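Asker: Input file: my_file.cif. Contents: mmCIF, C-alpha atoms.
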```cif
data_target
#
loop_
_atom_site.label_atom_id
_atom_site.label_comp_id
_atom_site.auth_asym_id
_atom_site.auth_seq_id
_atom_site.Cartn_x
_atom_site.Cartn_y
_atom_site.Cartn_z
CA MET Q 1 13.22 2.97 -20.28
CA ASP Q 2 10.89 5.31 -18.41
CA SER Q 3 12.15 4.90 -14.86
CA THR Q 4 15.82 4.63 -15.89
CA THR Q 5 15.56 7.87 -17.91
CA LEU Q 6 13.83 9.49 -14.95
CA LEU Q 7 16.63 8.31 -12.63
CA TYR Q 8 19.30 9.91 -14.87
CA ASP Q 9 17.15 13.05 -15.06
CA ILE Q 10 16.78 13.36 -11.29
CA VAL Q 11 20.44 12.58 -10.59
CA LYS Q 12 21.41 15.36 -13.01
CA LYS Q 13 19.06 17.81 -11.23
CA TYR Q 14 19.59 16.84 -7.58
CA GLY Q 15 22.83 14.80 -7.43
CA ASN Q 16 23.04 11.16 -6.40
CA LYS Q 17 23.31 11.54 -2.62
CA ASN Q 18 19.74 12.02 -1.45
CA ILE Q 19 18.10 9.57 -3.80
CA ILE Q 20 17.01 5.97 -3.32
CA ALA Q 21 16.03 4.04 -6.43
CA LEU Q 22 13.10 1.82 -5.43
CA SER Q 23 12.47 -1.43 -7.33
CA PHE Q 24 9.77 -4.00 -6.63
CA PHE Q 25 10.30 -7.74 -6.90
CA TYR Q 26 7.08 -9.41 -8.02
CA GLY Q 27 8.52 -12.83 -8.76
CA SER Q 28 7.70 -12.55 -12.47
CA ARG Q 29 10.02 -13.75 -15.22
CA HIS Q 30 10.20 -10.14 -16.42
CA ASN Q 31 11.75 -9.22 -13.04
CA ASP Q 32 14.67 -11.61 -13.53
CA TYR Q 33 15.78 -9.53 -16.51
CA GLU Q 34 14.76 -6.11 -15.28
CA LEU Q 35 16.15 -5.97 -11.74
CA PRO Q 36 19.81 -6.86 -12.45
CA LEU Q 37 19.85 -4.16 -15.16
CA ALA Q 38 18.28 -1.62 -12.79
CA GLN Q 39 21.00 -2.56 -10.31
CA GLN Q 40 23.71 -1.92 -12.91
CA SER Q 41 22.21 1.48 -13.77
CA CYS Q 42 22.21 2.39 -10.08
CA GLN Q 43 25.84 1.28 -9.70
CA LYS Q 44 26.81 3.37 -12.72
CA LEU Q 45 25.09 6.44 -11.25
CA LYS Q 46 26.25 5.62 -7.70
CA VAL Q 47 22.65 5.70 -6.46
CA GLU Q 48 21.52 3.48 -3.61
CA GLN Q 49 18.98 0.88 -4.71
CA LYS Q 50 16.29 -0.62 -2.48
CA ILE Q 51 14.34 -3.65 -3.65
CA ILE Q 52 11.07 -4.37 -1.84
CA ASN Q 53 9.92 -7.96 -2.23
CA ILE Q 54 6.15 -7.96 -2.72
CA LYS Q 55 5.82 -11.39 -4.29
CA ASN Q 56 3.87 -12.83 -1.37
CA ILE Q 57 1.54 -9.85 -1.07
CA PHE Q 58 0.50 -10.02 -4.69
CA ASN Q 59 0.20 -13.81 -4.58
CA GLN Q 60 -2.32 -13.37 -1.79
CA PHE Q 61 -4.25 -10.90 -3.91
CA ASN Q 62 -4.30 -13.16 -6.92
CA SER Q 63 -5.65 -16.03 -4.90
CA ALA Q 64 -8.45 -13.77 -3.68
CA LEU Q 65 -9.10 -12.67 -7.24
CA LEU Q 66 -9.36 -16.24 -8.51
CA LYS Q 67 -11.52 -17.38 -5.63
CA HIS Q 68 -14.02 -14.58 -6.11
CA LYS Q 69 -14.03 -14.32 -9.85
CA ASP Q 70 -17.77 -15.08 -10.02
CA SER Q 71 -18.56 -12.03 -7.93
CA GLU Q 72 -16.26 -9.78 -9.95
CA LYS Q 73 -18.16 -7.01 -11.62
CA ILE Q 74 -16.82 -6.41 -15.11
CA PRO Q 75 -17.83 -3.03 -16.51
CA GLU Q 76 -19.14 -2.60 -20.05
CA GLY Q 77 -16.44 -2.49 -22.68
CA HIS Q 78 -14.47 -4.32 -25.33
CA TYR Q 79 -13.24 -7.85 -24.90
CA GLU Q 80 -9.66 -6.55 -24.81
CA ASP Q 81 -10.57 -4.34 -21.86
CA LYS Q 82 -11.96 -7.30 -19.95
CA SER Q 83 -8.97 -9.52 -20.60
CA MET Q 84 -6.59 -6.67 -19.76
CA LYS Q 85 -8.47 -6.10 -16.54
CA LYS Q 86 -7.98 -9.72 -15.51
CA THR Q 87 -4.21 -9.37 -15.74
CA VAL Q 88 -4.02 -6.33 -13.50
CA VAL Q 89 -3.25 -6.33 -9.79
CA PRO Q 90 -6.18 -4.43 -8.29
CA PHE Q 91 -5.16 -0.92 -7.17
CA ARG Q 92 -1.56 -1.80 -7.98
CA ASN Q 93 -0.33 1.78 -8.31
CA GLY Q 94 -2.06 2.72 -5.06
CA ILE Q 95 -0.31 -0.13 -3.24
CA LEU Q 96 3.13 0.46 -4.79
CA LEU Q 97 2.96 4.23 -4.35
CA SER Q 98 1.91 3.84 -0.72
CA MET Q 99 5.02 1.70 -0.08
CA ALA Q 100 7.17 4.28 -1.86
CA VAL Q 101 5.63 7.02 0.30
CA GLY Q 102 6.35 4.91 3.41
CA LEU Q 103 9.97 4.47 2.34
CA ALA Q 104 10.30 8.21 1.62
CA GLU Q 105 8.85 9.02 5.04
CA SER Q 106 11.17 6.54 6.74
CA VAL Q 107 14.34 8.10 5.29
CA GLY Q 108 13.31 11.76 5.61
CA ALA Q 109 12.60 12.31 1.89
CA ASP Q 110 9.72 14.48 0.68
CA THR Q 111 9.24 13.43 -2.95
CA VAL Q 112 8.38 10.20 -4.75
CA PHE Q 113 9.17 10.43 -8.46
CA TYR Q 114 7.70 7.89 -10.83
CA GLY Q 115 7.85 7.28 -14.53
CA ALA Q 116 4.16 7.36 -15.47
CA HIS Q 117 3.85 8.89 -18.93
CA GLY Q 118 1.34 10.08 -21.49
CA GLY Q 119 1.37 6.79 -23.38
CA ASP Q 120 0.22 4.74 -20.37
CA HIS Q 121 -2.88 2.62 -20.62
CA PHE Q 122 -5.63 4.76 -19.17
CA ILE Q 123 -8.03 1.85 -18.96
CA TYR Q 124 -6.58 1.32 -15.48
CA PRO Q 125 -8.14 3.88 -13.14
CA ASP Q 126 -5.02 3.95 -10.95
CA CYS Q 127 -2.93 5.08 -13.93
CA ARG Q 128 -4.98 8.24 -14.48
CA ILE Q 129 -3.76 11.69 -13.60
CA GLU Q 130 -6.79 12.46 -11.36
CA PHE Q 131 -5.92 9.45 -9.21
CA GLU Q 132 -2.26 10.45 -9.03
CA LYS Q 133 -3.07 14.03 -8.04
CA THR Q 134 -5.48 13.03 -5.26
CA PHE Q 135 -3.22 10.24 -4.02
CA SER Q 136 -0.37 12.76 -3.81
CA GLU Q 137 -2.57 15.04 -1.68
CA ALA Q 138 -3.38 12.10 0.61
CA ALA Q 139 0.33 11.26 0.89
CA THR Q 140 1.15 14.87 1.82
CA LEU Q 141 -1.59 14.87 4.46
CA GLY Q 142 -0.60 11.43 5.77
CA THR Q 143 3.13 12.00 6.37
CA PHE Q 144 5.34 14.06 8.68
CA ASN Q 145 7.57 14.91 5.71
CA LYS Q 146 4.61 16.04 3.58
CA VAL Q 147 5.60 13.63 0.82
CA LYS Q 148 4.49 14.52 -2.73
CA ILE Q 149 4.16 12.24 -5.77
CA LYS Q 150 5.67 13.63 -8.97
CA ALA Q 151 5.43 12.16 -12.46
CA PRO Q 152 7.46 14.57 -14.62
CA TYR Q 153 6.78 12.58 -17.82
CA ARG Q 154 3.00 12.80 -17.52
CA ASN Q 155 2.71 14.96 -20.62
CA ILE Q 156 5.24 13.28 -22.91
CA ASN Q 157 5.25 9.90 -24.66
CA LYS Q 158 7.90 7.22 -25.27
CA ILE Q 159 9.51 9.28 -28.05
CA GLY Q 160 9.71 12.31 -25.75
CA ILE Q 161 11.29 10.16 -23.04
CA LEU Q 162 13.85 8.74 -25.47
CA LYS Q 163 14.72 12.27 -26.64
CA LYS Q 164 15.41 13.28 -23.04
CA GLY Q 165 17.36 10.07 -22.43
CA ILE Q 166 19.64 10.60 -25.43
CA LYS Q 167 20.54 14.08 -24.13
CA LEU Q 168 21.18 12.60 -20.67
CA LYS Q 169 23.39 9.86 -22.20
CA VAL Q 170 21.25 7.07 -20.73
CA ASN Q 171 22.77 3.64 -21.36
CA TYR Q 172 19.67 1.96 -22.85
CA SER Q 173 21.36 -1.44 -23.01
CA LEU Q 174 20.82 -1.43 -19.22
CA THR Q 175 17.04 -1.10 -19.54
CA HIS Q 176 14.53 -3.87 -20.08
CA THR Q 177 11.22 -3.57 -21.89
CA CYS Q 178 10.21 -6.95 -23.40
CA TYR Q 179 7.26 -8.88 -21.91
CA ASN Q 180 8.48 -12.13 -23.43
CA PRO Q 181 12.26 -12.23 -23.01
CA SER Q 182 14.62 -15.20 -23.40
CA LYS Q 183 18.29 -15.59 -22.55
CA LYS Q 184 19.07 -14.81 -26.19
CA GLY Q 185 17.39 -11.40 -26.09
CA SER Q 186 14.14 -9.44 -26.34
CA CYS Q 187 11.39 -10.78 -28.61
CA GLY Q 188 10.85 -7.61 -30.68
CA LYS Q 189 7.23 -8.66 -31.21
CA CYS Q 190 5.29 -7.95 -28.01
CA GLY Q 191 3.48 -4.64 -27.56
CA ALA Q 192 6.17 -3.29 -25.26
CA CYS Q 193 9.01 -4.10 -27.69
CA GLN Q 194 7.04 -2.60 -30.60
CA GLU Q 195 6.48 0.65 -28.74
CA ARG Q 196 10.15 0.83 -27.79
CA LEU Q 197 11.42 0.06 -31.30
CA GLU Q 198 9.02 2.60 -32.80
CA ALA Q 199 10.52 5.33 -30.58
CA PHE Q 200 14.08 4.41 -31.61
CA ASN Q 201 13.03 4.27 -35.29
CA LYS Q 202 11.31 7.66 -35.14
CA LEU Q 203 14.49 9.24 -33.77
CA LYS Q 204 16.66 7.24 -36.20
CA ILE Q 205 18.76 5.79 -33.39
CA LYS Q 206 19.86 2.17 -33.08
CA ASP Q 207 18.43 0.40 -30.01
CA PRO Q 208 21.41 -1.19 -28.19
CA LYS Q 209 19.27 -4.13 -26.92
CA ILE Q 210 19.71 -7.53 -28.53
CA TYR Q 211 16.60 -8.75 -30.33
CA VAL Q 212 15.91 -12.34 -31.39
CA ARG Q 213 13.87 -12.04 -34.56
CA MET F 1 -12.74 -3.91 20.45
CA ASP F 2 -13.11 -1.32 17.70
CA SER F 3 -12.92 -3.52 14.63
CA THR F 4 -14.86 -6.40 16.21
CA THR F 5 -17.69 -4.03 17.21
CA LEU F 6 -17.62 -2.60 13.70
CA LEU F 7 -17.85 -6.11 12.24
CA TYR F 8 -20.96 -6.92 14.32
CA ASP F 9 -22.39 -3.54 13.33
CA ILE F 10 -21.88 -4.11 9.60
CA VAL F 11 -23.13 -7.69 9.69
CA LYS F 12 -26.30 -6.45 11.36
CA LYS F 13 -26.80 -3.80 8.66
CA TYR F 14 -25.72 -5.70 5.54
CA GLY F 15 -25.78 -9.41 6.43
CA ASN F 16 -22.74 -11.68 6.49
CA LYS F 17 -22.64 -12.74 2.84
CA ASN F 18 -20.90 -9.87 1.06
CA ILE F 19 -18.34 -9.11 3.74
CA ILE F 20 -14.71 -10.12 4.09
CA ALA F 21 -13.04 -9.43 7.43
CA LEU F 22 -9.47 -8.40 6.64
CA SER F 23 -6.75 -8.99 9.23
CA PHE F 24 -3.04 -8.22 8.87
CA PHE F 25 -0.30 -10.45 10.22
CA TYR F 26 2.69 -8.33 11.28
CA GLY F 27 4.59 -11.02 13.12
CA SER F 28 4.24 -9.21 16.46
CA ARG F 29 3.54 -10.98 19.76
CA HIS F 30 0.30 -9.00 19.93
CA ASN F 31 -0.79 -10.71 16.69
CA ASP F 32 -0.50 -14.18 18.24
CA TYR F 33 -3.27 -13.26 20.67
CA GLU F 34 -5.34 -11.05 18.41
CA LEU F 35 -5.69 -13.09 15.22
CA PRO F 36 -7.07 -16.35 16.68
CA LEU F 37 -9.72 -14.30 18.52
CA ALA F 38 -10.61 -12.40 15.34
CA GLN F 39 -10.93 -15.77 13.64
CA GLN F 40 -13.34 -16.98 16.34
CA SER F 41 -15.45 -13.82 16.02
CA CYS F 42 -15.63 -14.36 12.25
CA GLN F 43 -16.65 -17.99 12.71
CA LYS F 44 -19.35 -16.96 15.17
CA LEU F 45 -20.73 -14.40 12.69
CA LYS F 46 -20.15 -16.72 9.71
CA VAL F 47 -18.05 -14.06 7.98
CA GLU F 48 -15.18 -14.99 5.70
CA GLN F 49 -11.82 -13.90 7.08
CA LYS F 50 -8.77 -13.05 4.98
CA ILE F 51 -5.37 -12.61 6.61
CA ILE F 52 -2.72 -10.78 4.61
CA ASN F 53 0.80 -11.51 5.78
CA ILE F 54 2.79 -8.28 5.69
CA LYS F 55 5.56 -9.29 8.06
CA ASN F 56 8.24 -9.19 5.39
CA ILE F 57 7.12 -5.88 3.95
CA PHE F 58 7.29 -4.11 7.28
CA ASN F 59 10.59 -5.80 8.15
CA GLN F 60 12.02 -4.23 5.01
CA PHE F 61 10.73 -0.83 6.07
CA ASN F 62 12.18 -1.11 9.53
CA SER F 63 15.58 -1.99 8.17
CA ALA F 64 15.43 1.11 5.95
CA LEU F 65 14.40 3.19 8.94
CA LEU F 66 17.30 1.94 11.06
CA LYS F 67 19.82 2.35 8.30
CA HIS F 68 18.81 5.92 7.61
CA LYS F 69 18.12 7.09 11.11
CA ASP F 70 20.79 9.79 10.86
CA SER F 71 19.03 11.42 7.94
CA GLU F 72 15.60 11.18 9.59
CA LYS F 73 14.15 14.61 10.19
CA ILE F 74 12.40 14.74 13.53
CA PRO F 75 9.97 17.64 13.82
CA GLU F 76 9.86 19.88 16.89
CA GLY F 77 7.91 18.45 19.80
CA HIS F 78 7.94 16.61 23.08
CA TYR F 79 10.21 13.67 23.76
CA GLU F 80 7.18 11.38 23.87
CA ASP F 81 6.28 12.45 20.35
CA LYS F 82 9.75 11.59 19.10
CA SER F 83 9.82 8.20 20.75
CA MET F 84 6.29 7.46 19.53
CA LYS F 85 7.30 8.43 16.03
CA LYS F 86 10.15 5.93 16.10
CA THR F 87 7.77 3.07 16.83
CA VAL F 88 5.46 3.83 13.94
CA VAL F 89 5.55 2.19 10.55
CA PRO F 90 5.82 5.14 8.17
CA PHE F 91 2.53 5.76 6.31
CA ARG F 92 1.16 2.57 7.88
CA ASN F 93 -2.51 3.43 7.40
CA GLY F 94 -1.86 4.42 3.78
CA ILE F 95 -0.19 1.08 3.09
CA LEU F 96 -2.79 -1.04 4.93
CA LEU F 97 -5.74 0.86 3.46
CA SER F 98 -4.31 0.54 -0.06
CA MET F 99 -4.15 -3.24 0.39
CA ALA F 100 -7.72 -3.26 1.70
CA VAL F 101 -8.79 -1.21 -1.33
CA GLY F 102 -6.99 -3.70 -3.62
CA LEU F 103 -8.77 -6.61 -1.93
CA ALA F 104 -12.14 -4.83 -2.22
CA GLU F 105 -11.50 -4.15 -5.91
CA SER F 106 -10.46 -7.77 -6.49
CA VAL F 107 -13.70 -9.20 -5.07
CA GLY F 108 -16.10 -6.62 -6.54
CA ALA F 109 -16.72 -4.75 -3.26
CA ASP F 110 -17.12 -0.98 -3.13
CA THR F 111 -16.54 -0.11 0.53
CA VAL F 112 -13.70 -0.52 3.00
CA PHE F 113 -14.87 -0.05 6.58
CA TYR F 114 -12.34 0.53 9.31
CA GLY F 115 -12.49 1.12 13.01
CA ALA F 116 -10.65 4.45 13.36
CA HIS F 117 -12.28 6.40 16.15
CA GLY F 118 -12.27 9.76 17.88
CA GLY F 119 -9.83 8.63 20.57
CA ASP F 120 -7.07 7.73 18.09
CA HIS F 121 -3.66 9.30 18.45
CA PHE F 122 -3.68 12.22 16.09
CA ILE F 123 0.06 12.69 16.34
CA TYR F 124 0.24 10.28 13.39
CA PRO F 125 -0.69 12.21 10.23
CA ASP F 126 -2.13 9.09 8.59
CA CYS F 127 -4.65 8.72 11.46
CA ARG F 128 -6.22 12.13 10.80
CA ILE F 129 -9.59 12.63 9.20
CA GLU F 130 -8.23 14.88 6.41
CA PHE F 131 -5.91 12.08 5.30
CA GLU F 132 -8.70 9.52 5.44
CA LYS F 133 -11.06 11.69 3.37
CA THR F 134 -8.51 12.44 0.65
CA PHE F 135 -7.26 8.85 0.58
CA SER F 136 -10.86 7.71 0.11
CA GLU F 137 -11.21 10.07 -2.86
CA ALA F 138 -8.00 8.65 -4.35
CA ALA F 139 -9.30 5.09 -3.84
CA THR F 140 -12.57 5.97 -5.59
CA LEU F 141 -10.68 7.50 -8.52
CA GLY F 142 -8.21 4.62 -8.67
CA THR F 143 -10.62 1.67 -8.84
CA PHE F 144 -13.18 0.25 -11.26
CA ASN F 145 -15.54 -0.37 -8.33
CA LYS F 146 -15.17 3.22 -7.07
CA VAL F 147 -14.14 1.95 -3.64
CA LYS F 148 -14.81 4.26 -0.69
CA ILE F 149 -13.21 4.25 2.79
CA LYS F 150 -15.66 4.57 5.67
CA ALA F 151 -14.84 4.99 9.37
CA PRO F 152 -18.27 5.10 11.05
CA TYR F 153 -16.75 5.52 14.54
CA ARG F 154 -14.82 8.67 13.63
CA ASN F 155 -16.91 10.82 15.95
CA ILE F 156 -17.26 8.52 18.94
CA ASN F 157 -14.75 7.31 21.54
CA LYS F 158 -14.10 3.96 23.25
CA ILE F 159 -17.10 4.40 25.57
CA GLY F 160 -19.36 5.12 22.58
CA ILE F 161 -18.03 2.02 20.82
CA LEU F 162 -18.63 -0.15 23.89
CA LYS F 163 -22.19 1.22 24.17
CA LYS F 164 -22.85 0.19 20.57
CA GLY F 165 -21.19 -3.19 21.17
CA ILE F 166 -23.33 -3.99 24.19
CA LYS F 167 -26.48 -3.34 22.14
CA LEU F 168 -25.08 -5.55 19.35
CA LYS F 169 -24.27 -8.31 21.89
CA VAL F 170 -20.58 -8.35 20.93
CA ASN F 171 -18.68 -11.14 22.69
CA TYR F 172 -15.83 -9.02 24.12
CA SER F 173 -14.00 -12.06 25.46
CA LEU F 174 -13.14 -12.64 21.78
CA THR F 175 -11.37 -9.28 21.43
CA HIS F 176 -7.81 -8.43 22.32
CA THR F 177 -6.52 -5.06 23.50
CA CYS F 178 -3.43 -5.51 25.70
CA TYR F 179 0.01 -4.45 24.38
CA ASN F 180 1.79 -6.67 26.88
CA PRO F 181 -0.16 -9.94 27.07
CA SER F 182 0.95 -13.25 28.58
CA LYS F 183 -0.61 -16.70 28.42
CA LYS F 184 -2.22 -15.97 31.78
CA GLY F 185 -4.10 -12.91 30.49
CA SER F 186 -3.97 -9.18 29.75
CA CYS F 187 -1.70 -6.98 31.85
CA GLY F 188 -4.34 -4.41 32.86
CA LYS F 189 -1.59 -1.79 33.14
CA CYS F 190 -0.62 -0.71 29.64
CA GLY F 191 -2.28 2.31 28.02
CA ALA F 192 -4.51 0.13 25.86
CA CYS F 193 -5.76 -1.95 28.81
CA GLN F 194 -6.36 1.22 30.87
CA GLU F 195 -8.46 2.80 28.13
CA ARG F 196 -10.47 -0.42 27.72
CA LEU F 197 -11.07 -0.88 31.47
CA GLU F 198 -12.06 2.78 31.83
CA ALA F 199 -14.79 2.30 29.20
CA PHE F 200 -16.15 -0.82 30.94
CA ASN F 201 -16.00 0.96 34.34
CA LYS F 202 -17.82 4.04 33.01
CA LEU F 203 -20.67 1.83 31.75
CA LYS F 204 -20.59 -0.29 34.92
CA ILE F 205 -20.12 -3.50 32.95
CA LYS F 206 -17.70 -6.30 33.81
CA ASP F 207 -14.98 -6.83 31.17
CA PRO F 208 -15.03 -10.57 30.32
CA LYS F 209 -11.27 -10.62 29.58
CA ILE F 210 -8.95 -12.24 32.12
CA TYR F 211 -6.48 -9.80 33.70
CA VAL F 212 -3.35 -10.71 35.60
CA ARG F 213 -2.97 -8.00 38.20
#
```
What does the file become when written as C-alpha cells?
Answerer:
Amino acid sequence: MDSTTLLYDIVKKYGNKNIIALSFFYGSRHNDYELPLAQQSCQKLKVEQKIINIKNIFNQFNSALLKHKDSEKIPEGHYEDKSMKKTVVPFRNGILLSMAVGLAESVGADTVFYGAHGGDHFIYPDCRIEFEKTFSEAATLGTFNKVKIKAPYRNINKIGILKKGIKLKVNYSLTHTCYNPSKKGSCGKCGACQERLEAFNKLKIKDPKIYVR
Amino acid sequence: MDSTTLLYDIVKKYGNKNIIALSFFYGSRHNDYELPLAQQSCQKLKVEQKIINIKNIFNQFNSALLKHKDSEKIPEGHYEDKSMKKTVVPFRNGILLSMAVGLAESVGADTVFYGAHGGDHFIYPDCRIEFEKTFSEAATLGTFNKVKIKAPYRNINKIGILKKGIKLKVNYSLTHTCYNPSKKGSCGKCGACQERLEAFNKLKIKDPKIYVR
C-alpha cells in the first residue's frame, strides 16, 4: 500500500519517464505475492521496474546471526521486543537504502523516495527519522549526484496514505499486505491485514483484496 | 597491505577472540589472488573470517549502469576522472560498509574498522572523510549496538602503514596488491604495484612478493 501509493504520487508530480521503481527479492513467500503485483502496477503506470535479488546476501547474514546468537546482546525490554528483534535483518534499511542510492547514482538520479510512514515500528533503530536524516546526509556526501533520501509519508499514518491513494485512484487490488497469504487470498488476521482493514473501515471504503476468513 | 596491517594492529590491541575479518567476493580476477591470502593471514592470527559474496549484486548494478549510460550525468573534469568514474561501483563504500554494519549488529559487535588511508583516491565521494564520518553517525543511530565506523589509517599513507606493519611483524607475502596478477606473480607495473614498491623502497625493505618483470 505504502510504496504503491508513493509511486502513483511521484508519477503524478514528476511524470513516469525519470523514475525507476526498485523492488527487492528476498526469497520470502511474501515476495511471491508482492512482486508480480508491483510489476503490474509499474506496467499500468508505464514505469520501469528494477528488481534486485538480495536473497543470497540476507541468507549469509542470517547464518551469521544464528551462529553467533550466544554473543548477541539483547537490550532491556519486553519479550515482544526481543522476539521482534530476532526476526529483523540487522541494519536492513541501511543496506537496502545504500543499494537504492547506488542505483540512483548509476542512472544519474538524485532522489531516493521510500514509503516509510508514521505508523512504522520504531523499535527498529534503522526505521527512525534520525537515522533516515543522517543516512540521507551521508548519501549526499558519498555520491556525485548528491543523492537525497525522501520519505514524504513520514508524518502520516496508514489512514492518511489511503486517503491520498483514493484521490490518486490507486488500484489497491494490485497491492499486497498480508504476512500469511495463500493462493485463495489474504488471511485478514495478521497484524498487517488488520492495520490495512482498519484504514479501509475508517474511510468506509471496501478493500478490493480477496480475504479468506 | 592496508587491511592486513589493520587486522594485525587490531588483534594486537584487542586480541583475536571478538573479531571477524570480513572479506567481499566480487568475482574479479583480483579476488582469486586476494581472498586465499586473506584466509591464510586469518588462519595465522586465529581470526574468524567471513566472506560475503556480492558478485550478483554488483552484476545487477553494472547492468543498470550500462543500460542507462546515456542518462548518466558526468561532471566537469579531466578525461581520467571520467574514465575512472566509469569503473567505479556507484556508492560502493556505502554499500559495503552497510553490510559490514549489518554483520557487526548481527554478532553483537560495536565497531567496524576499515583500512581507508590518506593516499586513497578522493575523486570518489564515498572515499572522503566527510562521508565516512556522517555514515558512521547514521550507523550508530541505525543499530541497537550503536555501531561506529573507524578508519585508524585515515591520516597516514602507504609508507606509514608499512612502518606500522613492520613493527607488527606482518607477513606481507600473504597480502595482494597487483591489479594485473598472473600465476607467476605480481606485474610490478600497475599503479597499485608501483605505490607498494615505492613504500618498500623508501623504507629500504625487500618486498617478499614475487614480481614478474
Asker: Applying 12 Å and all atoms listed in the file, which residues near Asn56 (chain F) remain after dropping the ones on its own chain fewer than 6 positions away? List them as number ranges by chain.
Answerer: Q: 52-57; F: 24-28, 62-63
Asker: Deliver the residues from the most recent selection as a file, using C-alpha atoms, as a PDB file, keeping the file's coordinate frame.
Answerer:
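Printed below is result_13.pdb as written:
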```
ATOM      1  CA  ILE Q  52      11.070  -4.370  -1.840  1.00  0.00           C
ATOM      2  CA  ASN Q  53       9.920  -7.960  -2.230  1.00  0.00           C
ATOM      3  CA  ILE Q  54       6.150  -7.960  -2.720  1.00  0.00           C
ATOM      4  CA  LYS Q  55       5.820 -11.390  -4.290  1.00  0.00           C
ATOM      5  CA  ASN Q  56       3.870 -12.830  -1.370  1.00  0.00           C
ATOM      6  CA  ILE Q  57       1.540  -9.850  -1.070  1.00  0.00           C
TER       7      ILE Q  57
ATOM      8  CA  PHE F  24      -3.040  -8.220   8.870  1.00  0.00           C
ATOM      9  CA  PHE F  25      -0.300 -10.450  10.220  1.00  0.00           C
ATOM     10  CA  TYR F  26       2.690  -8.330  11.280  1.00  0.00           C
ATOM     11  CA  GLY F  27       4.590 -11.020  13.120  1.00  0.00           C
ATOM     12  CA  SER F  28       4.240  -9.210  16.460  1.00  0.00           C
ATOM     13  CA  ASN F  62      12.180  -1.110   9.530  1.00  0.00           C
ATOM     14  CA  SER F  63      15.580  -1.990   8.170  1.00  0.00           C
TER      15      SER F  63
END
```
Asker: Starting from the PyMOL selection byres ((chain F and resi 33) around 10), expand the selection into actual residues of this file and give them as a PDB file with C-alpha atoms, keeping the file's coordinate frame.
Answerer:
```pdb
ATOM      1  CA  SER F  28       4.240  -9.210  16.460  1.00  0.00           C
ATOM      2  CA  ARG F  29       3.540 -10.980  19.760  1.00  0.00           C
ATOM      3  CA  HIS F  30       0.300  -9.000  19.930  1.00  0.00           C
ATOM      4  CA  ASN F  31      -0.790 -10.710  16.690  1.00  0.00           C
ATOM      5  CA  ASP F  32      -0.500 -14.180  18.240  1.00  0.00           C
ATOM      6  CA  GLU F  34      -5.340 -11.050  18.410  1.00  0.00           C
ATOM      7  CA  LEU F  35      -5.690 -13.090  15.220  1.00  0.00           C
ATOM      8  CA  PRO F  36      -7.070 -16.350  16.680  1.00  0.00           C
ATOM      9  CA  LEU F  37      -9.720 -14.300  18.520  1.00  0.00           C
ATOM     10  CA  ALA F  38     -10.610 -12.400  15.340  1.00  0.00           C
ATOM     11  CA  LEU F 174     -13.140 -12.640  21.780  1.00  0.00           C
ATOM     12  CA  THR F 175     -11.370  -9.280  21.430  1.00  0.00           C
ATOM     13  CA  HIS F 176      -7.810  -8.430  22.320  1.00  0.00           C
ATOM     14  CA  THR F 177      -6.520  -5.060  23.500  1.00  0.00           C
ATOM     15  CA  CYS F 178      -3.430  -5.510  25.700  1.00  0.00           C
ATOM     16  CA  PRO F 181      -0.160  -9.940  27.070  1.00  0.00           C
ATOM     17  CA  SER F 182       0.950 -13.250  28.580  1.00  0.00           C
ATOM     18  CA  LYS F 183      -0.610 -16.700  28.420  1.00  0.00           C
ATOM     19  CA  GLY F 185      -4.100 -12.910  30.490  1.00  0.00           C
ATOM     20  CA  SER F 186      -3.970  -9.180  29.750  1.00  0.00           C
TER      21      SER F 186
END
```
Asker: Evaluated on this file, the PyMOL selection byres ((chain Q) within 6 of (chain F)) picks out some residues - which ones are they, written as a compact mmCIF listing (two decimals) with C-alpha atoms, in the coordinates of the input?
Answerer:
```txt
# COMPACT_ATOMS: atom_id res chain seq x y z
CA LEU Q 65 -9.10 -12.67 -7.24
CA HIS Q 68 -14.02 -14.58 -6.11
CA GLU Q 72 -16.26 -9.78 -9.95
CA LYS Q 73 -18.16 -7.01 -11.62
CA PRO Q 90 -6.18 -4.43 -8.29
CA PHE Q 91 -5.16 -0.92 -7.17
CA GLY Q 94 -2.06 2.72 -5.06
CA ILE Q 95 -0.31 -0.13 -3.24
CA SER Q 98 1.91 3.84 -0.72
CA GLY Q 102 6.35 4.91 3.41
CA GLU Q 105 8.85 9.02 5.04
CA SER Q 106 11.17 6.54 6.74
CA VAL Q 107 14.34 8.10 5.29
CA GLY Q 108 13.31 11.76 5.61
CA PRO Q 125 -8.14 3.88 -13.14
CA ASP Q 126 -5.02 3.95 -10.95
CA PHE Q 131 -5.92 9.45 -9.21
CA THR Q 134 -5.48 13.03 -5.26
CA PHE Q 135 -3.22 10.24 -4.02
CA ALA Q 138 -3.38 12.10 0.61
CA LEU Q 141 -1.59 14.87 4.46
CA GLY Q 142 -0.60 11.43 5.77
CA THR Q 143 3.13 12.00 6.37
```
Asker: Taking the point (-11.6, 0.7, 20.2) as given in the file, collect each protein or nucleic acid residue that comes within 9 Å of it, counting all atoms listed in the file, and present the set as a list in words.
Answerer: Met1, Asp2, Ser3, Thr4, Thr5, Gly115, Ala116, His117, Gly119, Asp120, Asn157, Lys158, Ile159, Ile161, Leu162, Thr177, Glu195 and Arg196 of chain F
Asker: In Å to one decimal, how far is CA of Tyr14 (chain F) from CA of Lys46 (chain F)?
Answerer: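 Separation of CA of Lys46 (chain F) and CA of Tyr14 (chain F): 13.0 Å.
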Asker: What separation in Å, quoted to one decimal, exists between CA of Ile205 (chain Q) and CA of Tyr114 (chain Q)?
Answerer: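 Result for CA of Ile205 (chain Q) versus CA of Tyr114 (chain Q): 25.2 Å, one decimal.
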Asker: Between Q:Asn16, Q:Asn180, Q:Gln49, Q:Thr111, which has the minimum distance to Lys150 (chain Q) (counting all atoms listed in the file)?
Answerer: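 Using all atoms listed in the file, the shortest distance to Lys150 (chain Q) belongs to Q:Thr111.
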Asker: For the atom pair CA of Lys17 (chain F) and CA of Ile166 (chain F), what is the interatomic distance in Å to one decimal place?
Answerer: 23.1 Å
Asker: Identify all residues satisfying the PyMOL selection byres ((chain F and resi 11) around 12) in the given file; provide them as a ChimeraX atom specification.
Answerer: /F:4-10,12-21,41-42,44-48,113,168,170
